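> input-v8.cif is the file, holding mmCIF, C-alpha atoms:
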data_structure
#
loop_
_atom_site.label_atom_id
_atom_site.label_comp_id
_atom_site.auth_asym_id
_atom_site.auth_seq_id
_atom_site.Cartn_x
_atom_site.Cartn_y
_atom_site.Cartn_z
CA MET F 15 -104.49 111.21 -5.44
CA LYS F 16 -102.30 109.22 -3.08
CA ASP F 17 -103.38 105.80 -1.97
CA MET F 18 -105.42 106.11 1.24
CA SER F 19 -103.18 103.62 3.05
CA GLN F 20 -100.14 105.83 2.38
CA ALA F 21 -101.95 108.84 3.79
CA LEU F 22 -102.65 106.94 7.02
CA SER F 23 -99.25 105.33 7.48
CA VAL F 24 -97.07 105.75 10.56
CA ASP F 25 -93.53 104.90 11.53
CA THR F 26 -93.10 101.15 11.98
CA SER F 27 -89.38 100.88 12.71
CA GLY F 28 -88.55 97.84 14.78
CA TRP F 29 -91.45 95.77 13.49
CA ILE F 30 -91.34 92.81 11.16
CA GLY F 31 -92.73 93.55 7.70
CA SER F 32 -93.09 96.40 5.30
CA ARG F 33 -94.34 99.90 5.99
CA ARG F 34 -97.50 99.10 4.07
CA SER F 35 -98.22 96.00 6.12
CA PHE F 36 -98.20 97.73 9.50
CA LEU F 37 -100.50 100.70 9.06
CA ARG F 38 -102.09 101.32 12.40
CA ILE F 39 -105.82 101.24 12.86
CA GLY F 40 -105.32 104.12 15.28
CA ALA F 41 -105.80 106.42 12.32
CA LEU F 42 -109.44 105.29 12.38
CA GLY F 43 -109.73 105.13 16.13
CA PHE F 44 -108.38 101.70 17.04
CA ALA F 45 -104.95 100.29 17.75
CA GLY F 46 -104.04 96.65 17.86
CA LEU F 47 -104.00 95.26 14.38
CA THR F 48 -103.01 96.96 11.17
CA LEU F 49 -105.38 99.35 9.50
CA GLU F 50 -105.13 97.50 6.24
CA SER F 51 -105.62 94.12 7.89
CA LEU F 52 -108.64 95.18 9.91
CA LEU F 53 -110.27 96.81 6.93
CA ARG F 54 -109.82 93.55 5.08
CA ALA F 55 -111.26 91.38 7.86
CA ARG F 56 -114.09 89.14 6.75
CA ARG F 57 -117.48 89.83 8.34
CA ALA F 58 -118.22 86.95 10.66
CA GLN F 59 -120.91 84.63 9.38
CA GLY F 60 -123.01 82.45 11.64
CA ALA F 61 -122.68 78.73 11.07
CA SER F 62 -126.42 78.08 11.43
CA GLY F 63 -125.94 74.52 12.55
CA ARG F 64 -123.12 73.78 10.13
CA PRO F 65 -120.34 71.65 11.68
CA GLU F 66 -117.36 73.79 12.63
CA LYS F 67 -114.26 73.08 10.57
CA SER F 68 -110.91 74.86 10.78
CA ALA F 69 -107.35 74.57 9.52
CA ILE F 70 -103.97 75.76 10.75
CA LEU F 71 -101.12 75.89 8.23
CA PHE F 72 -97.47 76.17 9.19
CA TRP F 73 -96.16 77.83 6.03
CA MET F 74 -92.49 76.77 5.87
CA ALA F 75 -91.25 79.60 3.69
CA GLY F 76 -88.12 78.92 1.69
CA GLY F 77 -88.68 75.21 1.14
CA PRO F 78 -87.75 72.76 3.93
CA SER F 79 -85.48 69.81 3.25
CA HIS F 80 -87.59 66.66 3.13
CA ILE F 81 -84.45 64.51 3.34
CA ASP F 82 -83.42 66.12 6.62
CA THR F 83 -86.87 66.00 8.26
CA TYR F 84 -89.65 63.61 7.19
CA ASP F 85 -88.03 61.54 4.43
CA MET F 86 -84.60 60.70 5.75
CA LYS F 87 -82.29 58.38 3.79
CA PRO F 88 -80.07 56.77 6.45
CA ASP F 89 -78.74 54.12 4.07
CA ALA F 90 -77.79 56.53 1.29
CA PRO F 91 -74.28 57.93 0.75
CA ALA F 92 -73.21 60.70 3.13
CA GLU F 93 -73.70 63.48 0.59
CA VAL F 94 -77.33 62.39 0.23
CA ARG F 95 -78.29 61.47 3.78
CA GLY F 96 -76.81 64.67 5.21
CA PRO F 97 -75.31 65.44 8.62
CA PHE F 98 -78.12 64.24 10.88
CA ARG F 99 -78.87 61.03 12.75
CA PRO F 100 -82.37 59.53 12.33
CA ILE F 101 -84.44 58.53 15.34
CA ALA F 102 -87.34 56.08 15.49
CA THR F 103 -90.93 57.22 15.98
CA ASN F 104 -94.13 55.59 17.19
CA LEU F 105 -95.27 55.30 13.57
CA PRO F 106 -93.85 52.15 11.97
CA GLY F 107 -91.60 52.91 9.01
CA LEU F 108 -91.02 56.55 9.93
CA VAL F 109 -87.78 57.98 11.23
CA VAL F 110 -87.19 61.68 11.75
CA ASN F 111 -84.31 64.02 12.43
CA GLU F 112 -82.62 63.64 15.82
CA HIS F 113 -83.68 67.23 16.59
CA MET F 114 -87.36 66.28 16.30
CA PRO F 115 -87.92 64.06 19.38
CA ARG F 116 -91.39 65.45 20.05
CA HIS F 117 -92.44 64.51 16.52
CA ALA F 118 -91.29 60.99 17.32
CA ALA F 119 -93.76 60.84 20.21
CA ILE F 120 -96.81 62.06 18.23
CA ALA F 121 -96.03 60.56 14.82
CA ASP F 122 -99.01 58.22 15.05
CA LYS F 123 -101.21 61.33 14.82
CA LEU F 124 -99.60 62.43 11.54
CA ALA F 125 -99.99 61.66 7.86
CA ILE F 126 -96.66 62.12 6.10
CA VAL F 127 -97.22 62.69 2.39
CA ARG F 128 -93.82 62.17 0.76
CA SER F 129 -94.61 62.28 -2.94
CA VAL F 130 -95.89 65.78 -3.69
CA SER F 131 -93.99 67.33 -6.58
CA HIS F 132 -94.12 70.06 -9.21
CA ASP F 133 -91.68 71.70 -11.63
CA LEU F 134 -91.35 75.34 -10.56
CA SER F 135 -88.06 75.93 -8.75
CA VAL F 136 -88.36 79.68 -8.06
CA HIS F 137 -89.68 80.65 -4.63
CA ASP F 138 -92.41 82.93 -5.99
CA ASP F 139 -93.59 80.51 -8.67
CA GLY F 140 -93.59 77.49 -6.38
CA SER F 141 -95.33 79.45 -3.61
CA HIS F 142 -98.10 80.54 -5.95
CA TRP F 143 -98.70 76.94 -7.00
CA MET F 144 -98.65 75.50 -3.48
CA GLN F 145 -100.81 78.28 -1.99
CA THR F 146 -103.36 78.62 -4.79
CA GLY F 147 -103.28 75.33 -6.72
CA TYR F 148 -102.36 77.18 -9.91
CA PRO F 149 -98.90 77.15 -11.52
CA LEU F 150 -97.57 80.57 -12.54
CA LEU F 151 -94.26 81.32 -14.22
CA ASN F 152 -92.66 84.65 -13.31
CA ALA F 153 -95.11 85.11 -10.48
CA ARG F 154 -93.23 88.03 -8.97
CA GLU F 155 -93.66 90.10 -12.12
CA LYS F 156 -97.25 89.02 -12.78
CA GLY F 157 -98.55 89.18 -9.22
CA GLN F 158 -101.00 86.84 -7.56
CA GLN F 159 -103.53 85.55 -10.09
CA HIS F 160 -105.65 83.21 -7.97
CA PRO F 161 -106.87 83.23 -4.35
CA CYS F 162 -104.89 81.33 -1.74
CA GLU F 163 -106.45 78.55 0.28
CA GLY F 164 -107.18 80.79 3.28
CA SER F 165 -109.04 83.31 1.14
CA VAL F 166 -111.00 80.56 -0.60
CA VAL F 167 -112.05 79.21 2.78
CA SER F 168 -112.96 82.72 3.95
CA CYS F 169 -115.14 83.22 0.89
CA VAL F 170 -116.84 79.81 0.86
CA ARG F 171 -117.27 79.14 4.59
CA GLY F 172 -116.81 82.45 6.36
CA SER F 173 -116.01 82.28 10.05
CA ASN F 174 -117.37 79.54 12.25
CA ARG F 175 -118.84 82.00 14.76
CA PRO F 176 -119.97 85.63 14.78
CA GLY F 177 -117.55 88.23 16.07
CA VAL F 178 -114.31 86.72 14.76
CA PRO F 179 -112.60 86.89 11.36
CA ALA F 180 -112.58 83.93 9.00
CA TYR F 181 -108.92 84.07 7.91
CA VAL F 182 -105.95 85.20 10.03
CA CYS F 183 -102.22 85.24 9.33
CA VAL F 184 -99.85 85.20 12.28
CA PRO F 185 -97.90 87.44 12.56
CA GLU F 186 -98.93 88.81 9.14
CA ASP F 187 -99.67 87.78 5.59
CA TYR F 188 -96.59 87.69 3.41
CA GLN F 189 -98.26 88.31 0.09
CA THR F 190 -97.08 91.91 -0.19
CA HIS F 191 -93.34 91.97 0.44
CA MET F 192 -92.34 88.31 0.49
CA GLY F 193 -94.20 87.03 -2.55
CA PHE F 194 -95.90 84.08 -0.84
CA TYR F 195 -99.32 84.80 -2.33
CA GLN F 196 -101.56 84.65 0.72
CA ALA F 197 -104.24 87.03 -0.54
CA ALA F 198 -107.65 86.80 -2.19
CA ALA F 199 -106.72 87.98 -5.71
CA TYR F 200 -109.90 88.33 -7.81
CA LEU F 201 -112.18 87.46 -4.86
CA GLY F 202 -111.57 90.94 -3.45
CA LYS F 203 -109.89 92.37 -0.38
CA ARG F 204 -112.73 91.48 1.94
CA TYR F 205 -111.42 87.89 1.78
CA ASP F 206 -107.80 88.78 2.52
CA ALA F 207 -106.34 87.77 5.87
CA LEU F 208 -106.53 89.73 9.05
CA SER F 209 -102.89 90.14 10.03
CA ALA F 210 -101.87 89.97 13.66
CA TYR F 211 -98.57 91.65 14.41
CA ALA F 212 -95.60 90.53 16.43
CA ARG F 213 -92.42 92.03 17.76
CA ILE F 214 -89.97 89.17 17.70
CA ASP F 215 -86.63 90.92 18.04
CA ARG F 216 -86.23 88.90 21.22
CA ARG F 217 -87.99 85.84 19.79
CA THR F 218 -91.09 86.54 21.88
CA TYR F 219 -94.72 87.30 21.13
CA GLY F 220 -96.64 89.79 23.19
CA GLY F 221 -100.05 89.65 21.54
CA PRO F 222 -101.81 92.32 19.49
CA TRP F 223 -102.86 95.65 20.95
CA PHE F 224 -106.55 94.96 21.36
CA GLY F 225 -107.12 98.18 23.24
CA LEU F 226 -107.73 101.82 22.52
CA PRO F 227 -104.65 104.02 22.23
CA GLU F 228 -103.96 106.57 24.94
CA GLY F 229 -106.28 109.56 24.74
CA LEU F 230 -108.85 107.85 22.50
CA SER F 231 -112.37 107.43 23.83
CA ALA F 232 -115.49 105.77 22.48
CA ALA F 233 -116.80 109.24 21.67
CA ARG F 234 -113.80 109.86 19.46
CA ILE F 235 -114.49 106.59 17.65
CA ASP F 236 -117.93 108.01 16.88
CA ASP F 237 -116.19 111.11 15.56
CA ARG F 238 -114.12 108.88 13.29
CA ARG F 239 -117.34 107.33 12.00
CA SER F 240 -118.47 110.82 11.04
CA LEU F 241 -115.15 111.44 9.36
CA LEU F 242 -115.54 108.26 7.35
CA ALA F 243 -119.01 109.37 6.33
CA ALA F 244 -117.45 112.57 5.01
CA PHE F 245 -114.90 110.53 3.10
CA ASP F 246 -117.74 108.48 1.63
CA ALA F 247 -119.44 111.64 0.40
CA LEU F 248 -116.23 112.81 -1.20
CA ARG F 249 -115.65 109.43 -2.79
CA GLU F 250 -118.95 109.68 -4.66
CA HIS F 251 -117.08 112.02 -6.97
CA VAL F 252 -114.21 109.61 -7.52
CA GLU F 253 -114.26 106.85 -10.09
CA THR F 254 -114.97 103.61 -8.21
CA SER F 255 -112.33 100.88 -8.27
CA ASP F 256 -112.47 97.25 -7.14
CA ALA F 257 -110.80 98.25 -3.87
CA LEU F 258 -113.33 101.02 -3.22
CA ARG F 259 -116.24 98.72 -3.95
CA ASP F 260 -115.03 96.64 -1.02
CA ALA F 261 -114.39 99.62 1.23
CA ASP F 262 -117.86 100.30 2.66
CA ASP F 263 -118.26 96.68 3.71
CA VAL F 264 -114.82 96.22 5.23
CA GLN F 265 -114.93 99.52 7.12
CA GLN F 266 -118.09 98.32 8.83
CA GLN F 267 -116.35 95.02 9.56
CA ALA F 268 -113.50 96.91 11.18
CA PHE F 269 -115.82 98.67 13.61
CA GLU F 270 -117.61 95.40 14.39
CA LEU F 271 -114.30 93.73 15.18
CA ILE F 272 -113.24 96.58 17.47
CA GLY F 273 -116.23 95.85 19.68
CA SER F 274 -116.00 92.07 19.51
CA ARG F 275 -115.30 90.53 22.90
CA GLU F 276 -114.76 87.15 21.22
CA ALA F 277 -112.01 88.49 18.98
CA ARG F 278 -110.29 90.36 21.79
CA GLU F 279 -110.24 87.32 24.06
CA ALA F 280 -109.09 84.95 21.32
CA PHE F 281 -105.97 87.04 20.79
CA ASP F 282 -105.22 87.36 24.50
CA LEU F 283 -102.52 84.82 25.30
CA THR F 284 -102.48 85.84 28.97
CA LYS F 285 -105.61 83.73 29.32
CA GLU F 286 -103.45 80.61 28.99
CA PRO F 287 -101.78 79.10 32.09
CA GLU F 288 -98.03 79.18 32.35
CA PHE F 289 -97.55 75.45 31.80
CA VAL F 290 -99.31 75.73 28.42
CA HIS F 291 -96.92 78.48 27.33
CA GLU F 292 -94.01 76.30 28.39
CA THR F 293 -95.42 73.29 26.56
CA TYR F 294 -95.66 75.21 23.29
CA GLY F 295 -92.36 76.99 23.90
CA ARG F 296 -91.43 80.51 24.90
CA HIS F 297 -90.34 81.36 21.38
CA ALA F 298 -92.07 82.78 18.34
CA TRP F 299 -92.99 79.42 16.80
CA GLY F 300 -94.50 78.22 20.06
CA GLN F 301 -96.49 81.31 20.85
CA TYR F 302 -97.77 81.60 17.28
CA ALA F 303 -98.97 77.99 17.41
CA LEU F 304 -100.69 78.60 20.75
CA LEU F 305 -102.37 81.69 19.34
CA ALA F 306 -103.52 79.69 16.31
CA ARG F 307 -105.15 77.10 18.56
CA ARG F 308 -106.96 79.82 20.50
CA LEU F 309 -108.16 81.39 17.26
CA VAL F 310 -109.69 78.23 15.82
CA GLU F 311 -111.33 77.45 19.15
CA ALA F 312 -112.89 80.92 19.03
CA GLY F 313 -114.28 80.32 15.54
CA VAL F 314 -111.60 81.43 13.07
CA THR F 315 -111.75 79.10 10.09
CA PHE F 316 -108.23 79.34 8.63
CA VAL F 317 -104.97 80.39 10.28
CA THR F 318 -101.64 80.59 8.48
CA ILE F 319 -98.54 80.74 10.68
CA ASN F 320 -95.69 82.60 9.00
CA LEU F 321 -92.29 83.10 10.53
CA TYR F 322 -89.59 84.73 8.49
CA ASP F 323 -86.13 85.40 9.85
CA LYS F 324 -83.13 84.70 7.66
CA ASP F 325 -80.99 83.82 10.67
CA VAL F 326 -83.39 81.23 12.11
CA ASP F 327 -86.66 80.49 10.40
CA TRP F 328 -86.18 80.89 6.66
CA TRP F 329 -86.00 77.33 5.29
CA ASP F 330 -83.96 78.28 2.20
CA ASP F 331 -80.86 76.35 3.25
CA HIS F 332 -78.36 76.92 0.45
CA TYR F 333 -75.57 77.13 3.02
CA THR F 334 -74.61 75.24 6.20
CA ILE F 335 -77.81 73.25 6.44
CA GLY F 336 -76.48 71.29 9.40
CA LYS F 337 -75.94 74.41 11.49
CA ASN F 338 -79.20 75.98 10.35
CA LEU F 339 -81.45 73.02 11.11
CA THR F 340 -79.73 72.37 14.44
CA LYS F 341 -80.93 75.84 15.45
CA ARG F 342 -84.31 75.83 13.69
CA LEU F 343 -85.71 72.35 14.21
CA PRO F 344 -85.99 72.28 18.03
CA PRO F 345 -88.44 75.22 18.30
CA TYR F 346 -90.38 74.04 15.25
CA ASP F 347 -90.50 70.50 16.67
CA GLN F 348 -91.80 71.76 20.01
CA ALA F 349 -94.42 74.12 18.55
CA PHE F 350 -95.82 71.83 15.88
CA SER F 351 -95.93 68.77 18.12
CA ALA F 352 -97.52 70.68 20.99
CA LEU F 353 -100.22 71.96 18.67
CA VAL F 354 -100.98 68.52 17.26
CA ASP F 355 -101.06 66.98 20.74
CA ASP F 356 -103.26 69.78 22.06
CA VAL F 357 -105.72 69.53 19.17
CA HIS F 358 -106.11 65.81 19.84
CA GLY F 359 -106.17 66.20 23.62
CA ARG F 360 -108.95 68.76 23.45
CA GLY F 361 -111.10 66.55 21.24
CA LEU F 362 -110.69 68.82 18.21
CA ALA F 363 -109.05 66.36 15.82
CA ASP F 364 -112.24 65.74 13.85
CA ARG F 365 -112.74 69.40 13.08
CA VAL F 366 -109.28 71.07 13.16
CA LEU F 367 -106.72 70.25 10.48
CA VAL F 368 -103.04 71.02 11.15
CA ALA F 369 -100.69 71.08 8.15
CA ALA F 370 -97.05 71.96 7.49
CA TYR F 371 -95.28 72.44 4.16
CA GLY F 372 -93.46 74.98 2.01
CA GLU F 373 -93.09 75.75 -1.67
CA PHE F 374 -90.77 72.83 -2.49
CA GLY F 375 -88.19 70.43 -1.05
CA ARG F 376 -84.38 70.54 -1.19
CA ALA F 377 -81.84 68.96 -3.50
CA PRO F 378 -80.80 65.34 -2.95
CA ARG F 379 -77.12 66.10 -2.43
CA ILE F 380 -75.27 68.34 -0.01
CA ASP F 381 -73.32 70.79 -2.17
CA ALA F 382 -69.99 72.62 -1.86
CA ASN F 383 -71.64 75.24 0.39
CA ALA F 384 -72.79 72.52 2.81
CA GLY F 385 -76.36 73.27 1.79
CA ARG F 386 -79.07 72.02 -0.54
CA GLY F 387 -80.59 73.83 -3.52
CA HIS F 388 -84.23 74.27 -4.51
CA TRP F 389 -85.93 71.00 -5.44
CA PRO F 390 -89.60 70.99 -6.51
CA SER F 391 -89.43 67.41 -7.84
CA ALA F 392 -89.99 65.99 -4.34
CA MET F 393 -91.24 67.31 -1.03
CA SER F 394 -92.92 66.16 2.16
CA CYS F 395 -96.20 67.59 3.45
CA VAL F 396 -97.53 66.80 6.92
CA LEU F 397 -101.20 66.66 7.90
CA SER F 398 -102.92 65.91 11.19
CA GLY F 399 -106.51 66.00 12.40
CA GLY F 400 -109.25 67.39 10.22
CA GLY F 401 -111.04 64.05 10.31
CA LEU F 402 -108.38 62.59 8.01
CA LYS F 403 -106.98 59.06 8.30
CA THR F 404 -103.63 59.79 9.90
CA GLY F 405 -100.98 57.50 11.37
CA GLN F 406 -99.63 56.63 7.94
CA ILE F 407 -97.09 57.47 5.26
CA VAL F 408 -98.43 58.19 1.78
CA GLY F 409 -96.10 57.82 -1.18
CA SER F 410 -92.35 57.41 -1.29
CA THR F 411 -89.33 58.83 -3.07
CA THR F 412 -86.35 57.27 -4.77
CA ARG F 413 -83.29 56.15 -2.80
CA ASP F 414 -81.78 59.63 -3.06
CA GLY F 415 -85.04 61.48 -2.47
CA ALA F 416 -84.93 63.07 -5.91
CA LYS F 417 -88.40 62.22 -7.17
CA PRO F 418 -91.52 60.22 -6.28
CA LEU F 419 -91.07 56.47 -6.47
CA ASP F 420 -94.76 55.73 -6.12
CA ARG F 421 -98.04 57.59 -5.66
CA PRO F 422 -96.95 60.90 -7.28
CA LEU F 423 -99.17 63.76 -6.11
CA SER F 424 -99.59 67.39 -7.13
CA PRO F 425 -100.18 70.65 -5.26
CA GLY F 426 -103.77 70.39 -6.50
CA ASP F 427 -104.17 67.03 -4.76
CA LEU F 428 -102.90 68.52 -1.51
CA LEU F 429 -105.22 71.54 -1.67
CA ALA F 430 -108.17 69.36 -2.68
CA THR F 431 -107.54 67.30 0.46
CA ILE F 432 -107.49 70.42 2.64
CA TYR F 433 -110.72 71.69 1.10
CA HIS F 434 -112.31 68.26 1.59
CA ALA F 435 -111.33 68.32 5.28
CA LEU F 436 -113.11 71.67 5.57
CA ASP F 437 -116.28 70.34 3.90
CA ILE F 438 -115.60 72.34 0.73
CA ASP F 439 -116.10 70.61 -2.60
CA PRO F 440 -112.76 71.00 -4.42
CA GLN F 441 -114.62 70.72 -7.73
CA ARG F 442 -116.68 73.84 -7.12
CA THR F 443 -116.02 77.16 -8.84
CA LEU F 444 -115.94 80.79 -7.78
CA PRO F 445 -116.61 83.76 -10.07
CA ASP F 446 -113.73 86.01 -11.06
CA ARG F 447 -114.14 89.77 -11.55
CA LEU F 448 -115.78 89.17 -14.92
CA GLY F 449 -118.17 86.60 -13.50
CA ARG F 450 -116.44 83.64 -15.13
CA PRO F 451 -116.50 80.40 -13.07
CA ILE F 452 -112.97 79.52 -11.93
CA PRO F 453 -112.31 76.11 -10.29
CA LEU F 454 -110.82 76.12 -6.80
CA VAL F 455 -108.08 73.91 -8.21
CA PRO F 456 -107.60 73.29 -11.95
CA SER F 457 -106.69 69.66 -11.33
CA GLY F 458 -106.36 67.33 -8.39
CA GLU F 459 -108.55 65.33 -6.05
CA PRO F 460 -108.51 64.51 -2.33
CA ILE F 461 -105.79 62.02 -1.46
CA ARG F 462 -107.77 58.79 -1.22
CA GLU F 463 -105.61 57.23 1.51
CA LEU F 464 -106.47 60.13 3.80
CA VAL F 465 -110.18 60.57 3.19
#
Take the structure from the file and write it as structure tokens.


Amino acid sequence: MKDMSQALSVDTSGWIGSRRSFLRIGALGFAGLTLESLLRARRAQGASGRPEKSAILFWMAGGPSHIDTYDMKPDAPAEVRGPFRPIATNLPGLVVNEHMPRHAAIADKLAIVRSVSHDLSVHDDGSHWMQTGYPLLNAREKGQQHPCEGSVVSCVRGSNRPGVPAYVCVPEDYQTHMGFYQAAAYLGKRYDALSAYARIDRRTYGGPWFGLPEGLSAARIDDRRSLLAAFDALREHVETSDALRDADDVQQQAFELIGSREAREAFDLTKEPEFVHETYGRHAWGQYALLARRLVEAGVTFVTINLYDKDVDWWDDHYTIGKNLTKRLPPYDQAFSALVDDVHGRGLADRVLVAAYGEFGRAPRIDANAGRGHWPSAMSCVLSGGGLKTGQIVGSTTRDGAKPLDRPLSPGDLLATIYHALDIDPQRTLPDRLGRPIPLVPSGEPIRELV
């Protein structure tokens, strides 16, 4: 028997992502988000007086150069310091790339962690470690073995308010075709991300289709419910798998989300005034960041912002890093800084964490291709809000940026800090499919300077 998602697939030419990732919910009576994503959406859980906590992660896929962004080496030889001029910020001791002037103005709201390191230099392996807290050699062949941070948060906290999902990836999760391990693994598909979609061929974001497709009425949705009931009867004769055990629950979640006014309004960027759009930037980075802010205000607990485009946004700068970052840094600078400033300006800094990092840093020296290779031995991670003690630099690297000079930290330390900011005990465990208790992170503790 073919996989059900294949049977319900439609043509997705012109859209970012794989065929599997953009199955339309129209096959079940709703268009707007992907069928697979909606069926995986977490049932909203009321907070019942619990303080709302949320996080937004800019996942910088490919591995951004720490030396050309947050850990510049202006006194090093030219092949180390790179092609960019540093500029001063309002945080003493911090200079940033000349193409990051907005960072310079909000640097006092940031914590720059310069001494995170690990030893896995392959994108897949490093991504698995940074997203789950667990190292994994040959991750592409083995597949995701542990839940990512967004799925952990979805499982432990749920959403902050009824009617919205707990975990959203914008424009989609990249765990299927990019190998960035943003899924729930053994926790089950109900804790995977809800994926918004985006058409960014013109570097714009139009918002998800939170409406019924032409010719589809509420009565027809009821018909689809009957059809699903028939499928359920048929499935009683099929051997149950882990995916099917989740199906009844997530199908109900899909219908709940269809009727959720809160979810529909959270995704509607037309609700924002024009000056806000301009502040964030009329480009994909900016509109994704604005959407993320709207989502956490509506009650979403964890949002991951992904943007993958080899010509602009992929941070894997093996070639012409000067040209690449000159194009990429301005929109990133605008979007990230606008989000941080907005979170603080709206009084959300105690409850909304904003973070930015990738799977590793870049090599200390510019090579013959005018680029930098993979470098997991040193990287910079940026945190803001979340009730953390920001306005500081934690750790340092050697003169050439090759390795931590002091305060070496691990991916586990970083994730433990994020969990702490979300009122999740990083020492707790979750059961795997066999019921065995698995720690959220195998090692690591919240970074003491920040908490």

> Tell me which residues the PyMOL selection byres ((chain F and resi 109-117) around 12) grabs here, as a PyMOL selection string.

chain F and resi 79-88+95-108+118-126+293-294+336-355+396+398+407

> Neighbouring residues of Val167 (chain F) were defined as those with any atom within 10 Å, considering only C-alpha atoms; residues of the same chain fewer than 4 positions away were excluded. Please report them as JSON, numbers by chain.

{"F": [68, 69, 161, 162, 163, 171, 172, 173, 180, 181, 205, 315, 316, 432, 433, 436, 437, 438]}

> Which residue is closest to Val166 (chain F)? Choose from F:Ala153, F:Ala382, F:Ala197, F:Val366 and count only C-alpha atoms.

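Going through F:Ala153, F:Ala382, F:Ala197, F:Val366 one by one, the smallest distance to Val166 (chain F) is for F:Ala197.
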
> Using Å and a single decimal, report how far CA of Gly400 (chain F) sits from CA of Ala363 (chain F).

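Between CA of Ala363 (chain F) and CA of Gly400 (chain F) the gap is 5.7 Å.
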
> Running the PyMOL selection byres ((chain F and resi 376) around 6) on this model by hand, what would come out? Give it as a list in words.

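Written out, the selection comes to Ser79, Gly375, Ala377, Arg386, Gly387, His388 and Trp389 of chain F.
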
> Pick the closest to His332 (chain F) from F:Gly76, F:Ser424, F:Arg442, F:Val290: which is it, counting all atoms listed in the file?

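The answer is F:Gly76, which sits nearest to His332 (chain F).
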
> So what do you get for CA of Arg154 (chain F) versus CA of Ala306 (chain F), distance-wise?

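If I compute the distance from CA of Arg154 (chain F) to CA of Ala306 (chain F), I get 28.5 Å.
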
> Can you tell me how far CA of Val317 (chain F) sits from CA of Leu71 (chain F), in Å to one decimal?

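Value for the CA of Val317 (chain F)-CA of Leu71 (chain F) distance: 6.3 Å.
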
> Taking all atoms listed in the file into account, name the residue in F:Pro91, F:Pro185, F:Gly147, F:Gly409 that is nearest to Glu459 (chain F).

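That would be F:Gly147, the residue with the smallest distance to Glu459 (chain F).
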
> Find the residues near Gln196 (chain F): any atom within 9 Å, counting only C-alpha atoms, skip ones fewer than 4 places away on the same chain, and give them as a PyMOL selection string.

chain F and resi 142+145-146+158+161-165+183+187-190+206-207+318

> Just checking: using only C-alpha atoms, which residue out of F:Arg307, F:His358, F:Lys403, F:His291 ends up closest to Val184 (chain F)?

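Closest residue, counting only C-alpha atoms: F:Arg307.
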
> If the box runs along x, y and z of the file and leaves 4 Å on each side of region 421-424 of chain F, what are its centre and edge lengths in Å, one decimal, as lines of an AutoDock Vina configuration file?


center_x = -98.3
center_y = 62.5
center_z = -6.5
size_x = 10.6
size_y = 17.8
size_z = 9.6

> Using only C-alpha atoms for the distances, tell me which of F:Ala210, F:Ala369, F:Ala384, F:Val182 is nearest to Val310 (chain F).

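Under the stated criterion, the closest residue is F:Val182.
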
> The PyMOL selection byres ((chain F and resi 134) around 10) on the file shown: which residues, as a list of chain:residue names?

F:Ser131, F:His132, F:Asp133, F:Ser135, F:Val136, F:His137, F:Asp138, F:Asp139, F:Gly140, F:Ser141, F:His142, F:Trp143, F:Pro149, F:Leu150, F:Leu151, F:Asn152, F:Glu373, F:Phe374, F:His388, F:Trp389, F:Pro390, F:Ser391

> Given the point (-112.8, 77.5, 15.5) in the coordinates of this file, which residues lie within 7 Å, counting all atoms listed in the file, and how would they look as a ChimeraX atom specification?

/F:66-68,174,309-315

> Measuring between all atoms listed in the file, which one of F:His160, F:Arg421, F:Arg413, F:Arg275 shows the shortest distance to Pro453 (chain F)?

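Of the candidates, the smallest distance to Pro453 (chain F) is held by F:His160.
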